[in-house]
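Visitor: First the structure, which I've put down as structure tokens, then a few questions once you've had a look.
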Amino acid sequence: MGFTTALGTLAFIEPWILAALAVLPVIWWLLRATPPAPRRQSFPAIRLLFGLKPPEETPARTPWWLVLLRLVIAALVILALARPILNPDDAVSEAGLVVVVVDDGWASAANWDGKRQALDDILAEAERKNASVRLLLTAPGTDGSPPALSAVMTAGEARAQLQGLTPKPWSVDRAAATEALASLPATPRPRFFWAADGLDDGNGELFAQTMAALGATTRLAPPVAAKLLRPVDSDERALVVTLERAEDRGEDLAVAVALRDDGREVGRLPLTFDAGENLASGRLELPLELRNAVGRIVLEGQATAGGALLLDERARRRPVGLVDDSGAGSSQPLLSELFYVERALAPFAEITRAPLAQLLKQPLAVVVLPDHGTLAPEDLQALDSFMANGGLVLRFAGPKLGANPDTLLPVKLRGGDRTLGGVMTWDRPARITIFDAGSPFAGLAIPQDVVVNRQVLAEPALDLSEKTWARLSDGTPLVTAEARGKGLLVLFHTTANTDWSNLALSGLFVEMLTRTVETASGVTAVGDGEALPPYLLLDGFGKLGEPAASVLPLTGAELAAGAIGPDHPPGYYGSQTGRRAFNLEQAIDSLAPLPSVAGVSERGYARSAEQDLKAPLLAAALLLALLDLLLGLWLRGLLPGRRLAAGAGGLVLALLLFPAPGARAADDDSFALLATLDTRLAFVETGDDRVDEISRAGLTGLSRILERRTSIEPGDPLGVDLERDEIVFFPLLYWPVTDSQPALSEAARRKVNGFLATGGTILFDLRDPAGGSQLSSATTALQRLADGLDIPPLAPLPPEHVLTKAFYLMQDFPGRYAGGQLWIDSSESGANDGVATVIIGSNDWAAAWAVDSNGRSLYAVVPEGESQREMAYRFGVNLVMYALTGNYKADQVHVPFILERLGQ
Amino acid sequence: MAPPATPSLQLEAERLAGGLPPLLVEARRIAETVAQGAHGRRRVGPGEAFWQFRPYVAGDRPQTIDWRTSAKNDTIFVREMEWAAAATVYLWRDPTASMTWRSDKALPSKRDRADMLLLALASLLLRGGERVALLAPGERPRIGRGALPALAARLERDAAADGAALAAAALPPPQPLPRHARAVVIGDFLSPLPEIEARLAVLARRGVAGQLLLLLDPAETALPFQGRVRFEGLEGEGNWLVPRVEKLREAYIERERAHEAGLADICRALGWRLQRHLTNQPASQALLELYLGLSDGWDRRR
């Protein structure tokens, strides 16, 4: 059953369930008739309730909107059970044969998820229509088997198989796939879906024609065909990367990323295809040490084997061998020449320390020979042949060479060495002059503090200046070099340690050695003769992993031929010490797009618009049912936070309806004016009306006393809401502590801290004669309220404190109760004129001060009665004096001592 | 150690172990906060506080003559002391099931608060040398600090007793009190006003001054419930279904006020003092008011 709606075509898989909708009116009637169950509540004062009826008699029925909600839930469930489908797809006919052809070669990895999703949609449709399915994978299997049609299976099995499918890191074999199609029987007439990779391997057209001849064929074309990275040429300064695409799609930008072996990014190179060009190349310029660290280059956004280019030693490494005849037990390793060379070269080159004979057995680019005794003839011969093959020999002079010059030298040396700036010579130690333009060291900065004290001298010769790479200020050569065969022989005329020169300590030494090593040619890595075992191989997505057991070793011939396939996937072959990159691109001459073929319809991966509405409908029904539950609880008054929720809801509504800031601004001004035009005492509104009333009455009483006895003429006291009002105007804040006051919000806390920091004083009144003990609930409440406030360390009020003499002399501070300990800010800082920011007591002063409108006291004071009330007032006067006038009384106390010291 | 079987057993065990039940300790703690003074009888008699000087008349003992005052005057003065004497205070609190109710777990039940106030007041009075008695059949006035644990035990016994047996005890027993005794009754007084009046009238028959502390849960004054609620009485009064409590709230509060006003009228007629205390208010406040109310009575007789 299907019909068209505004959204698209809607069809029901099981339309007969819709008949259940007819029951809805019955449900309506049932729901209307049943009121919600009442909540049971025990209540002692029930006698007062007997006979009370609500003013209007509302029928005890479920409200209509709740019934409607429940009906909607029922209707949604019925609709969901009928399994509606929006925009049903009819590409697959009922009970036919569907052949799904998947190109699972390297190029398909680029759009693998889209491809798999598109195929899954098709198979889901086939599943609904009970079509049988056969799969054809066009790439050879990992075991080397050619592409073959699978057995007939259900669409469900095919979906499961498809989910487990991964692309192969080699190319598809469409010729073999065409042969596989031949085994397909003519009936039932197959329906082909070909998830193509978009690249032609030469047989694409034939393959498509074969399919089209057998049955209706749809080709799912990827949005973008895979691109292929071509090999890297490294020149002196940069890695050159080339990227190839199959199809000219105008200008296109891709990004190649150079990674180290551990996967860290070293550099990025944007590559732009010009319109009409299918090759894009770029130069990635990197410092040498970073360039040497590059292990592979990958194409961003295209995880395929063709988008990963592996580099091996040919591209980078310059192994350096240090000739070390001393053995392991050198007594002074820090003075050894090799130490300096090794430290200088270690970041840039791979270094091996070994005796000469051992060194020359392994591939090396550079051999470093420190000052060495006479070389044996066979060593000389070995070094000669090393240089003839392109090696570089770097020698350092020293006392031994000066004494016994041999033949392995770029220039002829005079016997002995030359000392500059020694005890017996007149001249000073020599500096290095600017390098010639032709020298490899050209352009290096020369530090002024590098001096050479001793060197070996070259015999003057015609070609001496040509061979010289660096010279001293007096023109004598410091570094000389000579080409030997394909290689080079370089001599530093001084030592590699600090014996003859402090050159080895300078940064220049490092740069000179680096440049020297750079001039050496690299080594050809592992030999071409023997077969190489697989070491690390790329998978279809261009990730390196352990090789499968079925992969065979790679012979030189296969390496040269680029025989990429199931036997030899792309990757590294060899071992950790010597590995050879085998890249996919070696097997691919050029990329070409698939031609379009008559009879084959094309479409993209766009997901078919078909949508199963069952799950969303059921989810909506569940959500509505939850809402219904909450509403039911709310109606019965069972929601725990109902007042909270109602308050929050009201607040939100109020915020929505009235933009508060404008209204607030006027309020703020009036409050500020009210608070500042008169000096006022202020108290914190706790939210407990009774306590607030006592506070107000108390401060009123205190204000009257102040007016009568002192020069302070305060206005009527103000209650402040810490969350709402600005408190910075008040010198003194009376804060009765109650259990019920909620903890402060972050903003209020900041406000109070600001108040304390800018000179305000707060009197906390625990109003509890037992207050101050750890168990008192008032103490707990105070801890809760003061949490996060900058309360300084407190101490019992010292007997000589200003508070005891600010106006009246007194030692006890009774309020309504007597005897509570008064705690006060004990810090002796001079800030805030020495006025304590926090005073804490428990005597309920406000109740003692409290008067009614006729000026009569409101609360009894225990135990002393009126005399105690008088003392309470005196404390109030002292407190206000203290808050307003600071500690000048304390200063007065010292006047006699000051006068005495002044000698009066 | 196995956990105690019931809360009352546990309480008993604690009482035995500690000598004082926690209730008593709390009551004493609160009582500590109200310092009390010995009250005189405001008339001449044996005592320690100076009361007045009076001219000497024949028959006075020479030892009573205050020589210092007499030396300043022509007449001879005798120094008289104030008669300090103990009074008996009868205490009662409602032991019925309705008192064990509380609207919120954070609040004490009315029963707990009443017991605590009663014991604290008793502790204060005993320390002041007064005689204290529970207003119950067979209870005799007690004196001295040792009386407090006995009182506490008696209250505990009430608590452990079956609620049904106590249902009739929602008001103080109609027991005539001796002249010049004082009575303090604590309860929720939710019974019909005529019944209350009849009982209190018996108590006050011989001019006994008293105080009535109306102890209520905040929910009983505000009816903070919502929605459809079936209210059930705690003492077998039956139940009452209210479709929308919030609609009834104002009418209820009005009734409750009227009930309190009726109570106030009764007390005024008897010369008793009525105080209202909610369980969410500090106990020390109510205690102070009660204690001051007792002293106040003596003050007025001045």
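Letters A, B, ... mark the chains of the structure tokens in the order given; residue numbers begin at 1 per chain; ligand numbers begin at 1, in order shown.
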Taking only C-alpha atoms into account, which residues of chain B are within 8 Å of chain A, as a ChimeraX atom specification?

Guide: /B:33-37,98-99,101,190-191,220,225-235,237,239-245,247-248,251-252,255-256

Visitor: Just write the chosen residues, C-alpha atoms, as a PDB file, in the first residue's frame.

Guide:
ATOM      1  CA  THR B  33      21.156  28.616  77.772  1.00  0.00           C
ATOM      2  CA  VAL B  34      18.452  30.146  79.942  1.00  0.00           C
ATOM      3  CA  ALA B  35      19.925  31.262  83.165  1.00  0.00           C
ATOM      4  CA  GLN B  36      17.366  31.424  85.848  1.00  0.00           C
ATOM      5  CA  GLY B  37      17.067  33.266  89.071  1.00  0.00           C
ATOM      6  CA  SER B  98      -1.115  13.031  65.925  1.00  0.00           C
ATOM      7  CA  MET B  99       1.921  14.431  67.710  1.00  0.00           C
ATOM      8  CA  TRP B 101       3.610  13.500  62.711  1.00  0.00           C
ATOM      9  CA  LEU B 190      -6.710  20.056  67.418  1.00  0.00           C
ATOM     10  CA  SER B 191      -9.694  18.768  69.366  1.00  0.00           C
ATOM     11  CA  GLU B 220      -0.596  22.377  59.646  1.00  0.00           C
ATOM     12  CA  PHE B 225      -0.016  20.203  49.536  1.00  0.00           C
ATOM     13  CA  GLN B 226      -1.042  20.189  45.903  1.00  0.00           C
ATOM     14  CA  GLY B 227      -3.287  18.292  43.579  1.00  0.00           C
ATOM     15  CA  ARG B 228      -5.591  15.450  44.362  1.00  0.00           C
ATOM     16  CA  VAL B 229      -4.986  14.209  47.872  1.00  0.00           C
ATOM     17  CA  ARG B 230      -6.785  11.844  50.197  1.00  0.00           C
ATOM     18  CA  PHE B 231      -6.099  13.088  53.731  1.00  0.00           C
ATOM     19  CA  GLU B 232      -6.124  10.508  56.471  1.00  0.00           C
ATOM     20  CA  GLY B 233      -6.422  11.189  60.159  1.00  0.00           C
ATOM     21  CA  LEU B 234      -3.868   9.709  62.545  1.00  0.00           C
ATOM     22  CA  GLU B 235      -6.264   9.003  65.385  1.00  0.00           C
ATOM     23  CA  GLU B 237     -10.911  10.454  62.535  1.00  0.00           C
ATOM     24  CA  ASN B 239     -10.357  10.430  55.769  1.00  0.00           C
ATOM     25  CA  TRP B 240     -11.251  13.230  53.404  1.00  0.00           C
ATOM     26  CA  LEU B 241     -10.678  13.345  49.653  1.00  0.00           C
ATOM     27  CA  VAL B 242      -9.743  16.747  48.283  1.00  0.00           C
ATOM     28  CA  PRO B 243      -9.604  17.057  44.490  1.00  0.00           C
ATOM     29  CA  ARG B 244      -7.426  20.138  44.391  1.00  0.00           C
ATOM     30  CA  VAL B 245      -5.832  21.043  47.676  1.00  0.00           C
ATOM     31  CA  LYS B 247      -8.102  25.572  45.975  1.00  0.00           C
ATOM     32  CA  LEU B 248      -8.855  24.781  49.608  1.00  0.00           C
ATOM     33  CA  ALA B 251     -10.378  28.287  53.478  1.00  0.00           C
ATOM     34  CA  TYR B 252      -8.251  25.943  55.563  1.00  0.00           C
ATOM     35  CA  ARG B 255     -10.349  27.815  59.738  1.00  0.00           C
ATOM     36  CA  GLU B 256      -7.062  27.220  61.380  1.00  0.00           C
TER      37      GLU B 256
END

Visitor: Determine which residues of segment 62-231 of chain B DSSP labels as alpha helix (DSSP H) from the backbone of this structure, then write them out as a PDB file with N, CA and C atoms, in the first residue's frame.

Guide:
ATOM      1  N   TRP B  67      21.544  47.609 112.509  1.00  0.00           N
ATOM      2  CA  TRP B  67      22.132  48.679 113.314  1.00  0.00           C
ATOM      3  C   TRP B  67      22.609  49.826 112.449  1.00  0.00           C
ATOM      4  N   ARG B  68      23.072  49.556 111.306  1.00  0.00           N
ATOM      5  CA  ARG B  68      23.602  50.607 110.449  1.00  0.00           C
ATOM      6  C   ARG B  68      22.494  51.587 110.064  1.00  0.00           C
ATOM      7  N   THR B  69      21.356  51.003 109.630  1.00  0.00           N
ATOM      8  CA  THR B  69      20.259  51.890 109.256  1.00  0.00           C
ATOM      9  C   THR B  69      19.707  52.620 110.472  1.00  0.00           C
ATOM     10  N   SER B  70      19.626  51.876 111.562  1.00  0.00           N
ATOM     11  CA  SER B  70      19.065  52.477 112.767  1.00  0.00           C
ATOM     12  C   SER B  70      19.926  53.635 113.240  1.00  0.00           C
ATOM     13  N   ALA B  71      21.232  53.526 113.073  1.00  0.00           N
ATOM     14  CA  ALA B  71      22.145  54.569 113.521  1.00  0.00           C
ATOM     15  C   ALA B  71      21.932  55.845 112.737  1.00  0.00           C
ATOM     16  N   LYS B  72      21.485  55.720 111.444  1.00  0.00           N
ATOM     17  CA  LYS B  72      21.280  56.921 110.642  1.00  0.00           C
ATOM     18  C   LYS B  72      19.978  57.620 110.992  1.00  0.00           C
ATOM     19  N   LYS B 110       6.351  16.749  66.223  1.00  0.00           N
ATOM     20  CA  LYS B 110       5.831  17.597  67.300  1.00  0.00           C
ATOM     21  C   LYS B 110       6.070  16.935  68.645  1.00  0.00           C
ATOM     22  N   ARG B 111       5.987  15.603  68.626  1.00  0.00           N
ATOM     23  CA  ARG B 111       6.182  14.851  69.855  1.00  0.00           C
ATOM     24  C   ARG B 111       7.593  15.041  70.402  1.00  0.00           C
ATOM     25  N   ASP B 112       8.580  14.939  69.489  1.00  0.00           N
ATOM     26  CA  ASP B 112       9.967  15.107  69.936  1.00  0.00           C
ATOM     27  C   ASP B 112      10.166  16.494  70.537  1.00  0.00           C
ATOM     28  N   ARG B 113       9.643  17.477  69.805  1.00  0.00           N
ATOM     29  CA  ARG B 113       9.830  18.846  70.256  1.00  0.00           C
ATOM     30  C   ARG B 113       9.140  19.051  71.606  1.00  0.00           C
ATOM     31  N   ALA B 114       7.943  18.485  71.744  1.00  0.00           N
ATOM     32  CA  ALA B 114       7.200  18.669  72.984  1.00  0.00           C
ATOM     33  C   ALA B 114       7.938  18.012  74.143  1.00  0.00           C
ATOM     34  N   ASP B 115       8.426  16.785  73.922  1.00  0.00           N
ATOM     35  CA  ASP B 115       9.160  16.096  74.985  1.00  0.00           C
ATOM     36  C   ASP B 115      10.377  16.900  75.397  1.00  0.00           C
ATOM     37  N   MET B 116      11.064  17.402  74.374  1.00  0.00           N
ATOM     38  CA  MET B 116      12.301  18.102  74.666  1.00  0.00           C
ATOM     39  C   MET B 116      12.018  19.376  75.458  1.00  0.00           C
ATOM     40  N   LEU B 117      11.003  20.119  75.011  1.00  0.00           N
ATOM     41  CA  LEU B 117      10.666  21.362  75.708  1.00  0.00           C
ATOM     42  C   LEU B 117      10.256  21.075  77.140  1.00  0.00           C
ATOM     43  N   LEU B 118       9.464  19.999  77.291  1.00  0.00           N
ATOM     44  CA  LEU B 118       8.968  19.683  78.621  1.00  0.00           C
ATOM     45  C   LEU B 118      10.125  19.352  79.552  1.00  0.00           C
ATOM     46  N   LEU B 119      11.048  18.522  79.065  1.00  0.00           N
ATOM     47  CA  LEU B 119      12.168  18.121  79.918  1.00  0.00           C
ATOM     48  C   LEU B 119      13.085  19.308  80.199  1.00  0.00           C
ATOM     49  N   ALA B 120      13.291  20.137  79.164  1.00  0.00           N
ATOM     50  CA  ALA B 120      14.179  21.280  79.361  1.00  0.00           C
ATOM     51  C   ALA B 120      13.590  22.218  80.402  1.00  0.00           C
ATOM     52  N   LEU B 121      12.294  22.432  80.293  1.00  0.00           N
ATOM     53  CA  LEU B 121      11.638  23.310  81.258  1.00  0.00           C
ATOM     54  C   LEU B 121      11.725  22.699  82.651  1.00  0.00           C
ATOM     55  N   ALA B 122      11.494  21.397  82.714  1.00  0.00           N
ATOM     56  CA  ALA B 122      11.571  20.716  84.003  1.00  0.00           C
ATOM     57  C   ALA B 122      12.970  20.849  84.581  1.00  0.00           C
ATOM     58  N   SER B 123      13.970  20.695  83.708  1.00  0.00           N
ATOM     59  CA  SER B 123      15.346  20.794  84.169  1.00  0.00           C
ATOM     60  C   SER B 123      15.612  22.174  84.762  1.00  0.00           C
ATOM     61  N   LEU B 124      15.125  23.207  84.053  1.00  0.00           N
ATOM     62  CA  LEU B 124      15.302  24.568  84.547  1.00  0.00           C
ATOM     63  C   LEU B 124      14.632  24.758  85.905  1.00  0.00           C
ATOM     64  N   LEU B 125      13.399  24.291  85.971  1.00  0.00           N
ATOM     65  CA  LEU B 125      12.627  24.504  87.193  1.00  0.00           C
ATOM     66  C   LEU B 125      13.265  23.765  88.352  1.00  0.00           C
ATOM     67  N   LEU B 126      13.714  22.547  88.091  1.00  0.00           N
ATOM     68  CA  LEU B 126      14.308  21.747  89.156  1.00  0.00           C
ATOM     69  C   LEU B 126      15.573  22.413  89.658  1.00  0.00           C
ATOM     70  N   ARG B 127      16.352  22.960  88.696  1.00  0.00           N
ATOM     71  CA  ARG B 127      17.564  23.640  89.135  1.00  0.00           C
ATOM     72  C   ARG B 127      17.230  24.863  89.958  1.00  0.00           C
ATOM     73  N   ALA B 147      15.217  14.092  89.845  1.00  0.00           N
ATOM     74  CA  ALA B 147      13.863  13.870  89.342  1.00  0.00           C
ATOM     75  C   ALA B 147      13.846  13.821  87.827  1.00  0.00           C
ATOM     76  N   LEU B 148      14.827  14.433  87.206  1.00  0.00           N
ATOM     77  CA  LEU B 148      14.783  14.577  85.749  1.00  0.00           C
ATOM     78  C   LEU B 148      14.812  13.234  85.019  1.00  0.00           C
ATOM     79  N   PRO B 149      15.768  12.343  85.364  1.00  0.00           N
ATOM     80  CA  PRO B 149      15.743  11.045  84.685  1.00  0.00           C
ATOM     81  C   PRO B 149      14.433  10.309  84.869  1.00  0.00           C
ATOM     82  N   ALA B 150      13.825  10.452  86.032  1.00  0.00           N
ATOM     83  CA  ALA B 150      12.548   9.769  86.266  1.00  0.00           C
ATOM     84  C   ALA B 150      11.485  10.327  85.328  1.00  0.00           C
ATOM     85  N   LEU B 151      11.484  11.652  85.179  1.00  0.00           N
ATOM     86  CA  LEU B 151      10.535  12.274  84.259  1.00  0.00           C
ATOM     87  C   LEU B 151      10.762  11.759  82.841  1.00  0.00           C
ATOM     88  N   ALA B 152      12.039  11.723  82.458  1.00  0.00           N
ATOM     89  CA  ALA B 152      12.375  11.280  81.105  1.00  0.00           C
ATOM     90  C   ALA B 152      11.896   9.855  80.898  1.00  0.00           C
ATOM     91  N   ALA B 153      12.105   9.026  81.887  1.00  0.00           N
ATOM     92  CA  ALA B 153      11.684   7.632  81.775  1.00  0.00           C
ATOM     93  C   ALA B 153      10.177   7.544  81.607  1.00  0.00           C
ATOM     94  N   ARG B 154       9.491   8.400  82.326  1.00  0.00           N
ATOM     95  CA  ARG B 154       8.031   8.370  82.246  1.00  0.00           C
ATOM     96  C   ARG B 154       7.586   8.767  80.824  1.00  0.00           C
ATOM     97  N   LEU B 155       8.238   9.773  80.282  1.00  0.00           N
ATOM     98  CA  LEU B 155       7.885  10.199  78.925  1.00  0.00           C
ATOM     99  C   LEU B 155       8.193   9.084  77.928  1.00  0.00           C
ATOM    100  N   GLU B 156       9.325   8.426  78.119  1.00  0.00           N
ATOM    101  CA  GLU B 156       9.695   7.321  77.238  1.00  0.00           C
ATOM    102  C   GLU B 156       8.631   6.236  77.297  1.00  0.00           C
ATOM    103  N   ARG B 157       8.143   6.002  78.509  1.00  0.00           N
ATOM    104  CA  ARG B 157       7.148   4.953  78.675  1.00  0.00           C
ATOM    105  C   ARG B 157       5.892   5.316  77.883  1.00  0.00           C
ATOM    106  N   ASP B 158       5.526   6.571  77.930  1.00  0.00           N
ATOM    107  CA  ASP B 158       4.385   7.017  77.148  1.00  0.00           C
ATOM    108  C   ASP B 158       4.611   6.771  75.670  1.00  0.00           C
ATOM    109  N   ALA B 159       5.842   7.082  75.256  1.00  0.00           N
ATOM    110  CA  ALA B 159       6.144   6.941  73.831  1.00  0.00           C
ATOM    111  C   ALA B 159       6.028   5.497  73.400  1.00  0.00           C
ATOM    112  N   ALA B 160       6.437   4.592  74.293  1.00  0.00           N
ATOM    113  CA  ALA B 160       6.420   3.184  73.930  1.00  0.00           C
ATOM    114  C   ALA B 160       5.014   2.604  73.984  1.00  0.00           C
ATOM    115  N   GLY B 163      -0.541   3.550  70.813  1.00  0.00           N
ATOM    116  CA  GLY B 163      -1.158   4.816  70.464  1.00  0.00           C
ATOM    117  C   GLY B 163      -2.656   4.829  70.719  1.00  0.00           C
ATOM    118  N   ALA B 164      -3.302   3.688  70.504  1.00  0.00           N
ATOM    119  CA  ALA B 164      -4.763   3.644  70.641  1.00  0.00           C
ATOM    120  C   ALA B 164      -5.167   3.906  72.095  1.00  0.00           C
ATOM    121  N   ALA B 165      -4.359   3.338  73.009  1.00  0.00           N
ATOM    122  CA  ALA B 165      -4.695   3.508  74.413  1.00  0.00           C
ATOM    123  C   ALA B 165      -4.596   4.967  74.823  1.00  0.00           C
ATOM    124  N   LEU B 166      -3.770   5.699  74.076  1.00  0.00           N
ATOM    125  CA  LEU B 166      -3.551   7.086  74.440  1.00  0.00           C
ATOM    126  C   LEU B 166      -4.511   8.028  73.733  1.00  0.00           C
ATOM    127  N   LEU B 193     -13.130  22.876  70.065  1.00  0.00           N
ATOM    128  CA  LEU B 193     -12.902  23.883  71.094  1.00  0.00           C
ATOM    129  C   LEU B 193     -13.694  23.635  72.379  1.00  0.00           C
ATOM    130  N   PRO B 194     -14.974  23.238  72.333  1.00  0.00           N
ATOM    131  CA  PRO B 194     -15.710  23.013  73.593  1.00  0.00           C
ATOM    132  C   PRO B 194     -15.029  21.990  74.477  1.00  0.00           C
ATOM    133  N   GLU B 195     -14.525  20.915  73.869  1.00  0.00           N
ATOM    134  CA  GLU B 195     -13.835  19.891  74.683  1.00  0.00           C
ATOM    135  C   GLU B 195     -12.636  20.496  75.379  1.00  0.00           C
ATOM    136  N   ILE B 196     -11.858  21.265  74.616  1.00  0.00           N
ATOM    137  CA  ILE B 196     -10.661  21.868  75.194  1.00  0.00           C
ATOM    138  C   ILE B 196     -11.051  22.770  76.359  1.00  0.00           C
ATOM    139  N   GLU B 197     -12.074  23.572  76.126  1.00  0.00           N
ATOM    140  CA  GLU B 197     -12.492  24.517  77.151  1.00  0.00           C
ATOM    141  C   GLU B 197     -12.883  23.781  78.426  1.00  0.00           C
ATOM    142  N   ALA B 198     -13.668  22.673  78.258  1.00  0.00           N
ATOM    143  CA  ALA B 198     -14.144  21.931  79.418  1.00  0.00           C
ATOM    144  C   ALA B 198     -12.968  21.406  80.233  1.00  0.00           C
ATOM    145  N   ARG B 199     -11.970  20.816  79.526  1.00  0.00           N
ATOM    146  CA  ARG B 199     -10.834  20.238  80.252  1.00  0.00           C
ATOM    147  C   ARG B 199     -10.020  21.310  80.977  1.00  0.00           C
ATOM    148  N   LEU B 200      -9.727  22.388  80.256  1.00  0.00           N
ATOM    149  CA  LEU B 200      -8.878  23.418  80.858  1.00  0.00           C
ATOM    150  C   LEU B 200      -9.589  24.067  82.044  1.00  0.00           C
ATOM    151  N   ALA B 201     -10.906  24.160  81.911  1.00  0.00           N
ATOM    152  CA  ALA B 201     -11.657  24.770  83.001  1.00  0.00           C
ATOM    153  C   ALA B 201     -11.473  23.959  84.273  1.00  0.00           C
ATOM    154  N   VAL B 202     -11.459  22.637  84.151  1.00  0.00           N
ATOM    155  CA  VAL B 202     -11.245  21.804  85.328  1.00  0.00           C
ATOM    156  C   VAL B 202      -9.887  22.106  85.939  1.00  0.00           C
ATOM    157  N   LEU B 203      -8.875  22.195  85.079  1.00  0.00           N
ATOM    158  CA  LEU B 203      -7.512  22.434  85.576  1.00  0.00           C
ATOM    159  C   LEU B 203      -7.444  23.769  86.312  1.00  0.00           C
ATOM    160  N   PRO B 218       4.646  23.266  60.669  1.00  0.00           N
ATOM    161  CA  PRO B 218       4.377  24.354  59.725  1.00  0.00           C
ATOM    162  C   PRO B 218       3.318  23.953  58.692  1.00  0.00           C
ATOM    163  N   ALA B 219       3.312  22.664  58.298  1.00  0.00           N
ATOM    164  CA  ALA B 219       2.348  22.239  57.285  1.00  0.00           C
ATOM    165  C   ALA B 219       0.922  22.364  57.801  1.00  0.00           C
ATOM    166  N   GLU B 220       0.756  22.283  59.091  1.00  0.00           N
ATOM    167  CA  GLU B 220      -0.596  22.377  59.646  1.00  0.00           C
ATOM    168  C   GLU B 220      -1.122  23.800  59.620  1.00  0.00           C
ATOM    169  N   THR B 221      -0.213  24.761  59.493  1.00  0.00           N
ATOM    170  CA  THR B 221      -0.683  26.134  59.408  1.00  0.00           C
ATOM    171  C   THR B 221      -0.810  26.602  57.977  1.00  0.00           C
ATOM    172  N   ALA B 222      -0.122  25.934  57.054  1.00  0.00           N
ATOM    173  CA  ALA B 222      -0.068  26.462  55.692  1.00  0.00           C
ATOM    174  C   ALA B 222      -0.701  25.528  54.665  1.00  0.00           C
TER     175      ALA B 222
END

Visitor: Residues of segment 258-395 of chain A in strand (DSSP E) according to DSSP, as a ChimeraX atom specification?

Guide: /A:258-260,265-273,279-285,294-299,308-310,319-323,350-354,366-369,392-395

Visitor: What would the file look like if the residues just selected were written as a short mmCIF file (atom, residue, chain, number, x, y, z; two decimals), in the first residue's frame with C-alpha atoms?

Guide:
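The new file result31.cif reads:
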data_model
loop_
_atom_site.label_atom_id
_atom_site.label_comp_id
_atom_site.auth_asym_id
_atom_site.auth_seq_id
_atom_site.Cartn_x
_atom_site.Cartn_y
_atom_site.Cartn_z
CA ALA A 258 55.26 14.36 5.26
CA LEU A 259 55.27 12.05 8.26
CA ARG A 260 58.01 10.53 10.37
CA GLU A 265 53.79 15.29 11.01
CA VAL A 266 56.93 16.96 9.70
CA GLY A 267 55.66 19.19 6.94
CA ARG A 268 52.73 19.95 4.65
CA LEU A 269 52.79 20.70 0.98
CA PRO A 270 49.78 22.02 -0.95
CA LEU A 271 49.63 20.67 -4.49
CA THR A 272 47.49 22.44 -7.05
CA PHE A 273 46.30 20.89 -10.28
CA LEU A 279 50.04 16.24 -12.79
CA ALA A 280 50.78 18.54 -9.92
CA SER A 281 54.13 18.83 -8.23
CA GLY A 282 55.59 20.87 -5.44
CA ARG A 283 58.76 21.27 -3.40
CA LEU A 284 58.70 20.62 0.30
CA GLU A 285 61.63 22.51 1.79
CA VAL A 294 60.59 11.84 6.77
CA GLY A 295 59.44 8.22 6.53
CA ARG A 296 56.49 8.56 4.19
CA ILE A 297 54.37 11.06 2.40
CA VAL A 298 50.61 10.70 2.49
CA LEU A 299 47.82 12.49 0.74
CA ALA A 308 50.88 6.86 0.63
CA LEU A 309 54.40 7.03 -0.68
CA LEU A 310 57.06 5.24 1.34
CA PRO A 319 75.41 6.98 7.70
CA VAL A 320 78.61 8.21 9.28
CA GLY A 321 81.24 5.88 10.66
CA LEU A 322 83.64 7.07 13.33
CA VAL A 323 86.91 5.17 13.39
CA GLU A 350 73.27 7.94 11.77
CA ILE A 351 76.51 7.31 13.58
CA THR A 352 78.43 4.10 14.07
CA ARG A 353 81.60 3.84 16.18
CA ALA A 354 83.85 0.94 15.38
CA VAL A 366 81.25 9.24 5.54
CA VAL A 367 84.18 7.84 7.48
CA VAL A 368 85.60 10.14 10.14
CA LEU A 369 89.23 9.53 10.99
CA LEU A 392 83.82 10.71 1.96
CA VAL A 393 86.73 10.45 4.35
CA LEU A 394 86.99 13.21 6.94
CA ARG A 395 90.33 13.45 8.74
#

Visitor: Work out how far apart atom CA of Met810 of chain A and atom CA of Phe875 of chain A are and give it in Å to one decimal.

Guide: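 Here the two named atoms are 7.9 Å from each other.
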
Visitor: Nearest to Ala748 of chain A among A:Leu359, A:Pro793, A:Pro188, A:Val684, with distances taken over only C-alpha atoms: which residue is it?

Guide: A:Val684

Visitor: I want to know what sits within 9 Å of segment 589-591 of chain A, based on only C-alpha atoms, with residues of the same chain fewer than 6 positions away left out; could you give that as a list in words?

Guide: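 Contacts, with the query itself left out: Leu199, Asp200, Asp201, Lys227, Leu228, Glu244, Arg245, Ala246 and Glu247 of chain A.
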